[in-house]
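Asks: Got a structure here, written out as structure tokens. Questions coming.
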Amino acid sequence: KSEKPSLRKKVLATPVARKMAKDLGVDITLVKGSGTMGRVMKEDIKNFHSSDNKKK
Amino acid sequence: MDYDIIVLGGGPGGYVAAIKAAQMNAKTAIIEMGNFGGVCLNWGCIPTKTLLKSAKVYQYILNSSKYGIDIDDLSNVNINWEKMLQRKKDVVKKLTSGVEFLLKNNKVDIYRGFGNVIDKNSIEVNGNRLSCKNIILSTGSSPNIPEIPGVKDGLKSGFVITSKEALELLKIPEKLVILGGGVIGVEFATLYSSLGTKVTIIQNMDRILEFMDHDVINEMEDILLGLGVEILYNTSIVKVNKTDLTIKDKDGERDIDADNLLISIGRYANMKGLEKLNLETYRRGVKTNEKLETNIPGVYAIGDLNGVFNLAHVASAEGIIAVENIMGEDKKIDYRKAPNCIYSFPEMAAVGYNEVDARNKFKDIIVSKLPLSANGKALAEGESTGFIKIIADKEYGEIIGVHIIAPTATDMVSEIVTTMELEGTIYDVARVIHPHPTISELVMEAAHGAVHKNKDT
Amino acid sequence: MDYDIIVLGGGPGGYVAAIKAAQMNAKTAIIEMGNFGGVCLNWGCIPTKTLLKSAKVYQYILNSSKYGIDIDDLSNVNINWEKMLQRKKDVVKKLTSGVEFLLKNNKVDIYRGFGNVIDKNSIEVNGNRLSCKNIILSTGSSPNIPEIPGVKDGLKSGFVITSKEALELLKIPEKLVILGGGVIGVEFATLYSSLGTKVTIIQNMDRILEFMDHDVINEMEDILLGLGVEILYNTSIVKVNKTDLTIKDKDGERDIDADNLLISIGRYANMKGLEKLNLETYRRGVKTNEKLETNIPGVYAIGDLNGVFNLAHVASAEGIIAVENIMGEDKKIDYRKAPNCIYSFPEMAAVGYNEVDARNKFKDIIVSKLPLSANGKALAEGESTGFIKIIADKEYGEIIGVHIIAPTATDMVSEIVTTMELEGTIYDVARVIHPHPTISELVMEAAHGAVHKNKDT
Ligand SMILES: Cc1cc2nc3c(=O)[nH]c(=O)nc-3n(C[C@H](O)[C@H](O)[C@H](O)COP(=O)(O)OP(=O)(O)OC[C@H]3O[C@@H](n4cnc5c(N)ncnc54)[C@H](O)[C@@H]3O)c2cc1C
Ligand SMILES: Cc1cc2nc3c(=O)[nH]c(=O)nc-3n(C[C@H](O)[C@H](O)[C@H](O)COP(=O)(O)OP(=O)(O)OC[C@H]3O[C@@H](n4cnc5c(N)ncnc54)[C@H](O)[C@@H]3O)c2cc1C
């Protein structure tokens, strides 16, 4: 049941953000959204991805 | 196998499905016994809206003084009914031939004639048997005729009519009685009362537009009464005579006369030619699942034939989904995101839950309603009857229902359907910069109102 | 400190900002020397649209035969200009008093008079000095007057007019010359030529509507010519005489006469009363950052005063963002998501990039365009001039620009603005079930077209 803990909460995200996350292999549930009500926008995926890459 | 897919019926369900199938490289045929475009283009959506536009222009003329235009004597203004009908015919012709062109252009094989389904892999038309892997049934619907004494004779004499005949009457009736206060009844009441007919709606319950939001029902009643339409609630027709009818309400029976009696009490699915398939049916037509498949694998039923929503855009959307499923995708229809409209003056458009259903279904909802009289464009247009009502769920502020009465309601509602498709919230819509002055600003302001209400509690 | 926020100027920028500020519990005052609602409600958006609606009704009457309505003798139809102007006054009055009511209701302190800014924390009005933590400047703009010989005398005599006077002429001019083919020029050309005036637009370059999409420019030119408007390109006015003017083009100079010359060549920011602040300015007004702050901390400039977009809804959106930033939030304006409209017949609405800019800015784009004549509702309405054009980026299919010419374009564009706000794509919009028959179905079909084009390449 708790295999995907990050999926427990509904993620509000834009279509572009979702696609971009898929392309870049970003787990969208880990991204903090900057849009209204915490909606994940494409900018958030870009930022998450580049900071993720820097960490690596 | 002759075909990957045969589509039976060329209405807005069938022709859209056939074109989509061909575009996805399925070998496709379509069978149509009448005119392409089905009820929608020939005797439904398009002809009604064409005549309604003429009626709207007539109303502008009658009310021109309000806009600062004086017409010396209104007896100089005359409806040329023949010309109105001719315009309707021209528009219909243009659109139906457009459909045929599109089918050919997309390389769909066209068979003209009655299609008789032999089994799930073959259909007979004009003596030929065509074989196929999949069938999409889109044979549409026909008007219900109630079993009231005298109705059959009335249909023969032309006194009793359905929506089809109501679109080609030889003259505008002086007095029209409409049995049934659904969408079609309301549109014809709008049309003919705008053209000067004394219209009476007979309704067997205590309200019109049964399944709509209660605010829509109330406002629409006012709008019809304002046009001079009479509505008789909890009333039924006992008997149809030669030029009048006997009705019955709680006070008893009485006769009312009319030039015509229009029957608009719903439609039934066209099952002729489908008998051999042994399709599972329910009250409204052929039973289908979310993928639009019937109980018989490989056989799909779309549009009025499945009767979920008798709407052209739903038929088309179902057609596309049926094709995609046949072609191996996994698509489902979401009826909650299908808008419905009434082309009254002003128009009505809605999508999603009405308030009562929303309250029953969701734990907590927010309702925000604003009158059109609060909107600058509506006042500038001199058309400020109506409102917009947004219903959102409290948890995320997601929009779950919208009900609009406004001159451009049918074009405005797409903003909301798109928002719902994108899982947008009242917070998003409130932030979107709507152009000024437009009636659609009210969508933004109603969303603002919803955001506020949510803060307060 | 008397106030947290003082708003200077009560137009659509200022009054919306003041209400927002009060709603966020800031102690707020607004100073207005004229009428609340500013240019927009009093001499801009609202009065023009009110008169345009009257003109539209007049056009319906002139073309009624097309809709099947015969008018015996069109000389029986007369424009009652006084009544038209009275309707305009009534609408304006209703809306401006509504604004004042809203301000009071939200407990905004109202000061009527000229506000003179002393420094970034104090404003003088009617001899009183009010102190405040923050100032929102929203003093708006005024029409540019070119330095052409004779213009000053013409303004005095009433021969030369600006948009303000064009809304209260004593009679409808027989011949009107409009200097400037921008949005305001085009709207007045539509208005007066629809009412029977012979209109000539004088434009100093080779096209009208300079910054719009080229397809919009071309179609709008056709629409104006269709209304009988004459457009003189690459032409300038050399001299204004008593009842005529001297113009100059590549063939030399000549005189044309007119009842009035309307000047509509842009507007300049109202800086009176702001002199002491030493605000940084640029060509179009006060310079601001994305947060709407000027070079002086705590002082914000919104609306026509900063001149980025001279549009009422942009002024309002900026007002809200300025207030939110003052109240500690971190908000930015995104001008790419601000629609712009022309209330011509048919209307024009656009948002985002035009095609040329999109090609320059993005690596790869998809452009999908459909004519209104392909749309059932447009044909039914007898108003099938126009098109819809969707521009998307190729990578994700994100919609980056839309240009619509259609009777209900201004209400339709909100669907796209919302889609852009939610970062929606052509794939999303193509799937949204748009109601049939509506003009907004074309949005869906253009999106479909874009999806297709993207597959092919
Ligand atoms: C007056 C009126 C106004 C309406 N207005 C609107 C509106 O504004 N908006 C809206 O969305 N909906 C409207 N509707 C409803 C809309 O017309 C229908 O929902 C729509 O037409 C259904 O499409 P369909 O393809 O399922 O069936 P149909 O349009 O009914 O088409 C079925 C086709 O199949 C053919 N056919 C049937 N059986 C066979 C056979 N065995 N062999 C060969 N051919 C066959 C028929 O000839 C017909 O052409 C209106 C309906 C009416 C009556
Ligand atoms: C003919 C015309 C048609 C238009 N149509 C549209 C349209 O359809 N849609 C659209 O979006 N835009 C339209 N516009 C543009 C729109 O009117 C402006 O963008 C909008 O009014 C700008 O709002 P604002 O609040 O910045 O300034 P304004 O509306 O100009 O308001 C400024 C206010 O500040 C007051 N003021 C100025 N200085 C002082 C001072 N020192 N002390 C006290 N008070 C002061 C003024 O009296 C005025 O009331 C139109 C403009 C014109 C001229």
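The way I read the labels, and the way they are meant: chains A, B, ... in the order of the structure tokens, residue 1 as the first residue of every chain, and ligand 1 as the first ligand shown, with later ones counted on from there.
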Check every protein, DNA and RNA residue against ligand 1, keep those with an atom at most 6 Å away (counting only C-alpha atoms and all ligand atoms), and present them as a VMD selection string.
Replies: (chain B and resid 8 to 14 31 to 36 38 to 40 44 to 45 113 to 116 138 to 141 163 184 272 to 273 303 to 305 310 to 313 315) or (chain C and resid 436 to 437)
Asks: Could you please select, counting only C-alpha atoms, the residues of chain A within 6 Å of chain C and state them as a count of residues only?
Replies: 3
Asks: Could you work out which residues of chain C fall inside 7 Å of chain B? Count only C-alpha atoms, and format the result as number ranges by chain.
Replies: C: 45-46, 49-50, 53-54, 57, 60-61, 67-72, 76-81, 83-84, 91, 95, 312-313, 317, 338-340, 376, 379-381, 410-412, 414-415, 417-418, 421, 429, 432-440
Asks: Output N, CA and C atoms of each residue in that selection to a file, as a compact mmCIF listing (two decimals), in the first residue's frame.
Replies:
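selection_16.txt written:
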# COMPACT_ATOMS: atom_id res chain seq x y z
N CYS C 45 -13.57 52.63 -22.72
CA CYS C 45 -14.10 51.29 -22.97
C CYS C 45 -15.63 51.26 -23.02
N ILE C 46 -16.25 51.76 -21.98
CA ILE C 46 -17.70 51.57 -21.83
C ILE C 46 -18.53 52.43 -22.79
N LYS C 49 -18.23 51.07 -26.36
CA LYS C 49 -18.93 49.80 -26.60
C LYS C 49 -20.45 49.96 -26.58
N THR C 50 -20.92 50.92 -25.79
CA THR C 50 -22.37 51.17 -25.77
C THR C 50 -22.83 51.70 -27.12
N LYS C 53 -22.64 49.04 -29.84
CA LYS C 53 -23.76 48.10 -29.85
C LYS C 53 -24.95 48.71 -30.59
N SER C 54 -25.22 49.99 -30.34
CA SER C 54 -26.30 50.65 -31.08
C SER C 54 -26.02 50.61 -32.58
N VAL C 57 -26.73 47.14 -33.92
CA VAL C 57 -28.18 46.93 -34.10
C VAL C 57 -28.63 47.64 -35.38
N TYR C 60 -27.71 45.52 -38.24
CA TYR C 60 -28.65 44.39 -38.37
C TYR C 60 -29.91 44.85 -39.10
N ILE C 61 -30.38 46.03 -38.76
CA ILE C 61 -31.60 46.53 -39.39
C ILE C 61 -31.35 46.76 -40.88
N TYR C 67 -31.65 38.22 -43.34
CA TYR C 67 -32.16 37.31 -42.32
C TYR C 67 -33.64 36.97 -42.52
N GLY C 68 -34.21 37.45 -43.63
CA GLY C 68 -35.61 37.14 -43.89
C GLY C 68 -36.57 38.12 -43.25
N ILE C 69 -36.13 39.35 -43.07
CA ILE C 69 -37.02 40.37 -42.52
C ILE C 69 -37.04 41.54 -43.50
N ASP C 70 -38.23 41.84 -44.00
CA ASP C 70 -38.36 42.92 -44.98
C ASP C 70 -38.76 44.22 -44.30
N ILE C 71 -38.05 45.28 -44.61
CA ILE C 71 -38.46 46.61 -44.14
C ILE C 71 -38.85 47.40 -45.37
N ASP C 72 -40.12 47.85 -45.38
CA ASP C 72 -40.70 48.42 -46.58
C ASP C 72 -39.85 49.51 -47.20
N ASN C 76 -37.80 54.81 -43.36
CA ASN C 76 -38.57 54.77 -42.12
C ASN C 76 -37.70 54.51 -40.90
N VAL C 77 -36.45 54.13 -41.17
CA VAL C 77 -35.53 53.82 -40.07
C VAL C 77 -34.61 55.01 -39.85
N ASN C 78 -34.64 55.58 -38.67
CA ASN C 78 -33.83 56.77 -38.42
C ASN C 78 -33.04 56.67 -37.12
N ILE C 79 -31.82 57.12 -37.22
CA ILE C 79 -30.99 57.15 -36.02
C ILE C 79 -31.40 58.32 -35.18
N ASN C 80 -31.71 58.04 -33.92
CA ASN C 80 -32.01 59.09 -32.97
C ASN C 80 -30.77 59.30 -32.11
N TRP C 81 -29.90 60.16 -32.61
CA TRP C 81 -28.56 60.31 -32.02
C TRP C 81 -28.63 60.74 -30.55
N LYS C 83 -30.91 60.05 -28.40
CA LYS C 83 -31.29 58.88 -27.60
C LYS C 83 -30.11 57.92 -27.44
N MET C 84 -29.36 57.75 -28.52
CA MET C 84 -28.18 56.89 -28.46
C MET C 84 -27.21 57.42 -27.41
N VAL C 91 -25.75 54.26 -19.08
CA VAL C 91 -24.89 53.11 -18.78
C VAL C 91 -23.68 53.56 -17.98
N LEU C 95 -22.55 52.60 -14.02
CA LEU C 95 -21.29 51.94 -13.69
C LEU C 95 -20.41 52.79 -12.78
N ALA C 312 -7.49 48.63 -19.96
CA ALA C 312 -8.12 48.70 -18.64
C ALA C 312 -7.86 47.45 -17.81
N HIS C 313 -7.97 46.27 -18.45
CA HIS C 313 -7.80 45.04 -17.66
C HIS C 313 -6.36 44.86 -17.22
N ALA C 317 -5.19 44.50 -13.37
CA ALA C 317 -4.31 43.39 -12.97
C ALA C 317 -3.06 43.94 -12.30
N ALA C 338 -1.70 38.84 -21.27
CA ALA C 338 -2.71 39.89 -21.26
C ALA C 338 -3.32 39.99 -22.66
N PRO C 339 -4.61 39.70 -22.78
CA PRO C 339 -5.25 39.76 -24.10
C PRO C 339 -5.49 41.20 -24.55
N ASN C 340 -5.61 41.39 -25.85
CA ASN C 340 -6.05 42.70 -26.34
C ASN C 340 -7.12 42.52 -27.40
N GLY C 376 -20.13 25.98 -38.31
CA GLY C 376 -21.58 25.92 -38.43
C GLY C 376 -22.30 27.08 -37.76
N LEU C 379 -21.94 30.30 -39.77
CA LEU C 379 -22.83 30.30 -40.93
C LEU C 379 -24.28 30.51 -40.50
N ALA C 380 -24.68 29.83 -39.43
CA ALA C 380 -26.05 29.99 -38.94
C ALA C 380 -26.31 31.44 -38.54
N GLU C 381 -25.31 32.09 -38.01
CA GLU C 381 -25.46 33.49 -37.61
C GLU C 381 -25.37 34.44 -38.79
N THR C 410 -14.08 38.50 -28.37
CA THR C 410 -13.60 39.03 -27.08
C THR C 410 -14.00 38.13 -25.92
N ASP C 411 -15.14 37.45 -26.04
CA ASP C 411 -15.50 36.48 -25.00
C ASP C 411 -14.78 35.15 -25.21
N MET C 412 -14.46 34.82 -26.46
CA MET C 412 -13.81 33.54 -26.75
C MET C 412 -12.37 33.48 -26.28
N SER C 414 -10.85 34.36 -23.70
CA SER C 414 -10.57 34.00 -22.30
C SER C 414 -10.24 32.51 -22.16
N GLU C 415 -10.83 31.69 -23.01
CA GLU C 415 -10.49 30.27 -22.97
C GLU C 415 -8.99 30.08 -23.17
N VAL C 417 -6.57 32.46 -22.80
CA VAL C 417 -5.77 33.07 -21.74
C VAL C 417 -5.70 32.10 -20.55
N THR C 418 -6.83 31.50 -20.24
CA THR C 418 -6.86 30.53 -19.14
C THR C 418 -5.95 29.35 -19.46
N GLU C 421 -2.44 30.42 -18.93
CA GLU C 421 -2.16 30.54 -17.50
C GLU C 421 -1.88 29.16 -16.90
N VAL C 429 -6.42 21.31 -25.53
CA VAL C 429 -7.54 22.06 -26.08
C VAL C 429 -8.27 21.23 -27.14
N VAL C 432 -10.81 18.98 -25.38
CA VAL C 432 -11.91 19.58 -24.62
C VAL C 432 -13.19 19.53 -25.46
N ILE C 433 -14.26 19.04 -24.87
CA ILE C 433 -15.53 18.95 -25.59
C ILE C 433 -16.17 20.33 -25.65
N HIS C 434 -16.03 20.98 -26.80
CA HIS C 434 -16.64 22.29 -27.00
C HIS C 434 -18.08 22.09 -27.45
N PRO C 435 -19.00 22.90 -26.93
CA PRO C 435 -20.41 22.69 -27.30
C PRO C 435 -20.66 22.99 -28.78
N HIS C 436 -21.60 22.27 -29.33
CA HIS C 436 -22.02 22.44 -30.71
C HIS C 436 -23.43 22.99 -30.75
N PRO C 437 -23.79 23.91 -31.60
CA PRO C 437 -22.85 24.64 -32.45
C PRO C 437 -22.39 25.93 -31.77
N THR C 438 -21.09 26.14 -31.72
CA THR C 438 -20.54 27.39 -31.21
C THR C 438 -19.35 27.79 -32.09
N ILE C 439 -19.03 29.06 -32.06
CA ILE C 439 -17.85 29.51 -32.79
C ILE C 439 -16.61 29.00 -32.08
N SER C 440 -16.71 28.79 -30.76
CA SER C 440 -15.53 28.35 -30.02
C SER C 440 -15.12 26.92 -30.40
Asks: Rank C:Asn42, C:Asn360, C:Thr197, C:Asn295 by their smallest atom-to-atom distance to ligand 2, using only C-alpha atoms and all ligand atoms, and report the top residue only.
Replies: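 Looking at the shortest contact to ligand 2, the residue is C:Asn42.
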Asks: Identify, on the basis of only C-alpha atoms, every residue whose closest approach to Gln203 in chain C does not exceed 12 Å; exclude the query and any residue fewer than 2 positions from it along the same chain; express the result as a PyMOL selection string.
Replies: chain C and resi 177-182+185-186+200-201+205-210+230-237+247-249+263-265
Asks: Excluding Asp257 in chain B and residues on its chain fewer than 5 positions from it, collect all residues at most 7 Å away from it, counting only C-alpha atoms, and give them as an NGL selection string.
Replies: :B and (243-245)
Asks: Mind dumping the selected residues with C-alpha atoms as a PDB file, in the first residue's frame?
Replies:
ATOM      1  CA  THR B 243     -57.850  22.076 -34.364  1.00  0.00           C
ATOM      2  CA  ASP B 244     -57.667  22.047 -30.606  1.00  0.00           C
ATOM      3  CA  LEU B 245     -56.743  19.825 -27.707  1.00  0.00           C
TER       4      LEU B 245
END
Asks: Could you go through range 180-299 of chain B and tell me which residues DSSP, when run on the backbone, assigns to alpha helix (DSSP H), listing them as a list in words?
Replies: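 So, restricting range 180-299 of chain B to alpha helix (DSSP H), we get Val183, Ile184, Gly185, Val186, Glu187, Phe188, Ala189, Thr190, Leu191, Tyr192, Ser193, Ser194, His214, Asp215, Val216, Ile217, Asn218, Glu219, Met220, Glu221, Asp222, Ile223, Leu224, Leu225 and Gly226 of chain B.
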Asks: Write the residues of the preceding selection, restricted to N, CA, C and O atoms, as a short mmCIF file (atom, residue, chain, number, x, y, z; two decimals), in the first residue's frame.
Replies:
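And here is the file that came out, again30.cif:
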data_model
loop_
_atom_site.label_atom_id
_atom_site.label_comp_id
_atom_site.auth_asym_id
_atom_site.auth_seq_id
_atom_site.Cartn_x
_atom_site.Cartn_y
_atom_site.Cartn_z
N VAL B 183 -35.12 21.11 -23.49
CA VAL B 183 -34.31 22.06 -24.25
C VAL B 183 -34.95 22.38 -25.60
O VAL B 183 -35.07 23.54 -26.00
N ILE B 184 -35.39 21.33 -26.31
CA ILE B 184 -35.96 21.56 -27.64
C ILE B 184 -37.25 22.37 -27.54
O ILE B 184 -37.47 23.33 -28.29
N GLY B 185 -38.09 22.04 -26.56
CA GLY B 185 -39.31 22.80 -26.35
C GLY B 185 -39.03 24.27 -26.07
O GLY B 185 -39.67 25.16 -26.63
N VAL B 186 -38.02 24.52 -25.23
CA VAL B 186 -37.69 25.90 -24.87
C VAL B 186 -37.14 26.66 -26.07
O VAL B 186 -37.46 27.83 -26.29
N GLU B 187 -36.33 25.98 -26.90
CA GLU B 187 -35.79 26.68 -28.07
C GLU B 187 -36.90 27.05 -29.07
O GLU B 187 -36.90 28.14 -29.63
N PHE B 188 -37.83 26.12 -29.29
CA PHE B 188 -38.92 26.46 -30.22
C PHE B 188 -39.86 27.50 -29.63
O PHE B 188 -40.40 28.34 -30.35
N ALA B 189 -40.03 27.47 -28.31
CA ALA B 189 -40.84 28.52 -27.66
C ALA B 189 -40.18 29.88 -27.88
O ALA B 189 -40.85 30.87 -28.19
N THR B 190 -38.85 29.92 -27.73
CA THR B 190 -38.10 31.16 -27.96
C THR B 190 -38.26 31.63 -29.40
O THR B 190 -38.58 32.79 -29.67
N LEU B 191 -38.05 30.69 -30.32
CA LEU B 191 -38.12 31.02 -31.74
C LEU B 191 -39.47 31.60 -32.11
O LEU B 191 -39.56 32.73 -32.61
N TYR B 192 -40.52 30.82 -31.86
CA TYR B 192 -41.82 31.26 -32.38
C TYR B 192 -42.40 32.43 -31.60
O TYR B 192 -43.04 33.31 -32.18
N SER B 193 -42.19 32.47 -30.28
CA SER B 193 -42.74 33.63 -29.58
C SER B 193 -42.01 34.90 -30.01
O SER B 193 -42.62 35.97 -30.08
N SER B 194 -40.71 34.78 -30.35
CA SER B 194 -39.98 35.96 -30.86
C SER B 194 -40.52 36.41 -32.20
O SER B 194 -40.42 37.59 -32.55
N HIS B 214 -31.26 24.65 -10.37
CA HIS B 214 -32.52 25.32 -10.05
C HIS B 214 -32.48 26.82 -10.38
O HIS B 214 -33.50 27.40 -10.74
N ASP B 215 -31.31 27.45 -10.28
CA ASP B 215 -31.24 28.87 -10.65
C ASP B 215 -31.47 29.07 -12.15
O ASP B 215 -32.07 30.05 -12.57
N VAL B 216 -30.95 28.13 -12.93
CA VAL B 216 -31.18 28.19 -14.38
C VAL B 216 -32.67 28.04 -14.67
O VAL B 216 -33.26 28.79 -15.45
N ILE B 217 -33.29 27.06 -14.02
CA ILE B 217 -34.71 26.80 -14.25
C ILE B 217 -35.53 28.05 -13.92
O ILE B 217 -36.38 28.48 -14.71
N ASN B 218 -35.25 28.66 -12.78
CA ASN B 218 -36.03 29.84 -12.38
C ASN B 218 -35.84 31.00 -13.35
O ASN B 218 -36.81 31.64 -13.77
N GLU B 219 -34.58 31.27 -13.71
CA GLU B 219 -34.33 32.41 -14.59
C GLU B 219 -34.91 32.15 -15.98
O GLU B 219 -35.46 33.05 -16.61
N MET B 220 -34.77 30.91 -16.44
CA MET B 220 -35.27 30.60 -17.78
C MET B 220 -36.79 30.73 -17.82
O MET B 220 -37.35 31.18 -18.83
N GLU B 221 -37.44 30.37 -16.76
CA GLU B 221 -38.89 30.57 -16.70
C GLU B 221 -39.22 32.06 -16.85
O GLU B 221 -40.07 32.43 -17.66
N ASP B 222 -38.51 32.90 -16.11
CA ASP B 222 -38.74 34.35 -16.22
C ASP B 222 -38.51 34.85 -17.64
O ASP B 222 -39.25 35.69 -18.14
N ILE B 223 -37.44 34.34 -18.26
CA ILE B 223 -37.11 34.79 -19.60
C ILE B 223 -38.23 34.42 -20.58
O ILE B 223 -38.65 35.24 -21.40
N LEU B 224 -38.73 33.21 -20.46
CA LEU B 224 -39.82 32.78 -21.35
C LEU B 224 -41.07 33.59 -21.09
O LEU B 224 -41.73 34.05 -22.03
N LEU B 225 -41.40 33.78 -19.83
CA LEU B 225 -42.59 34.58 -19.52
C LEU B 225 -42.42 35.99 -20.09
O LEU B 225 -43.36 36.57 -20.63
N GLY B 226 -41.20 36.52 -19.99
CA GLY B 226 -40.93 37.85 -20.53
C GLY B 226 -41.15 37.94 -22.03
O GLY B 226 -41.50 38.99 -22.57
#
Asks: Go ahead and compute the interatomic distance for CA of Thr385 in chain C and CA of Leu372 in chain C, in Å to one decimal.
Replies: 5.9 Å
Asks: Can you list, as a list in words, all residues belonging to range 81-170 of chain C that DSSP tags as strand (DSSP E or B)?
Replies: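 Going through range 81-170 of chain C, the strand (DSSP E or B) residues come out as Asp109, Ile110, Tyr111, Arg112, Gly115, Asn116, Val117, Ile118, Asp119, Ser122, Ile123, Glu124, Val125, Asn128, Arg129, Leu130, Ser131, Cys132, Lys133, Asn134, Ile135, Ile136, Leu137, Ser141, Ser142, Pro143, Val160 and Ile161 of chain C.
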Asks: Skip Asp27 in chain A itself and residues of its chain fewer than 2 positions away, then list as a PDB file with C-alpha atoms, in the first residue's frame all residues within 10 Å of it, counting only C-alpha atoms.
Replies:
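Contents of result-v1.pdb, freshly written:
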ATOM      1  CA  SER A   6       4.773  10.391  -2.712  1.00  0.00           C
ATOM      2  CA  ARG A  18       3.976  16.958 -16.489  1.00  0.00           C
ATOM      3  CA  ALA A  21       8.995  16.038 -15.874  1.00  0.00           C
ATOM      4  CA  LYS A  22       8.531  12.839 -17.842  1.00  0.00           C
ATOM      5  CA  LEU A  24      13.665  14.849 -17.821  1.00  0.00           C
ATOM      6  CA  GLY A  25      12.923  11.950 -15.500  1.00  0.00           C
ATOM      7  CA  THR A  29       5.663  14.576  -6.567  1.00  0.00           C
ATOM      8  CA  LEU A  30       8.947  15.851  -5.135  1.00  0.00           C
ATOM      9  CA  VAL A  31       8.707  19.254  -6.824  1.00  0.00           C
ATOM     10  CA  ILE A  45      10.528  21.419 -13.160  1.00  0.00           C
ATOM     11  CA  PHE A  48      14.306  21.272  -9.844  1.00  0.00           C
ATOM     12  CA  HIS A  49      16.075  19.485 -12.663  1.00  0.00           C
TER      13      HIS A  49
END
Asks: Grab the atom 19 (O, counted along the ligand's line) of ligand 2 to CA of Asn270 in chain C distance for me, in Å with one decimal place.
Replies: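 Those two atoms sit 12.3 Å apart.
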Asks: So which one's closest to ligand 2, C:Ala406, C:Ile391, C:Leu167, C:Ile256? Using only C-alpha atoms and all ligand atoms, please.
Replies: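 Of C:Ala406, C:Ile391, C:Leu167, C:Ile256, the one nearest ligand 2 is C:Leu167, counting only C-alpha atoms and all ligand atoms.
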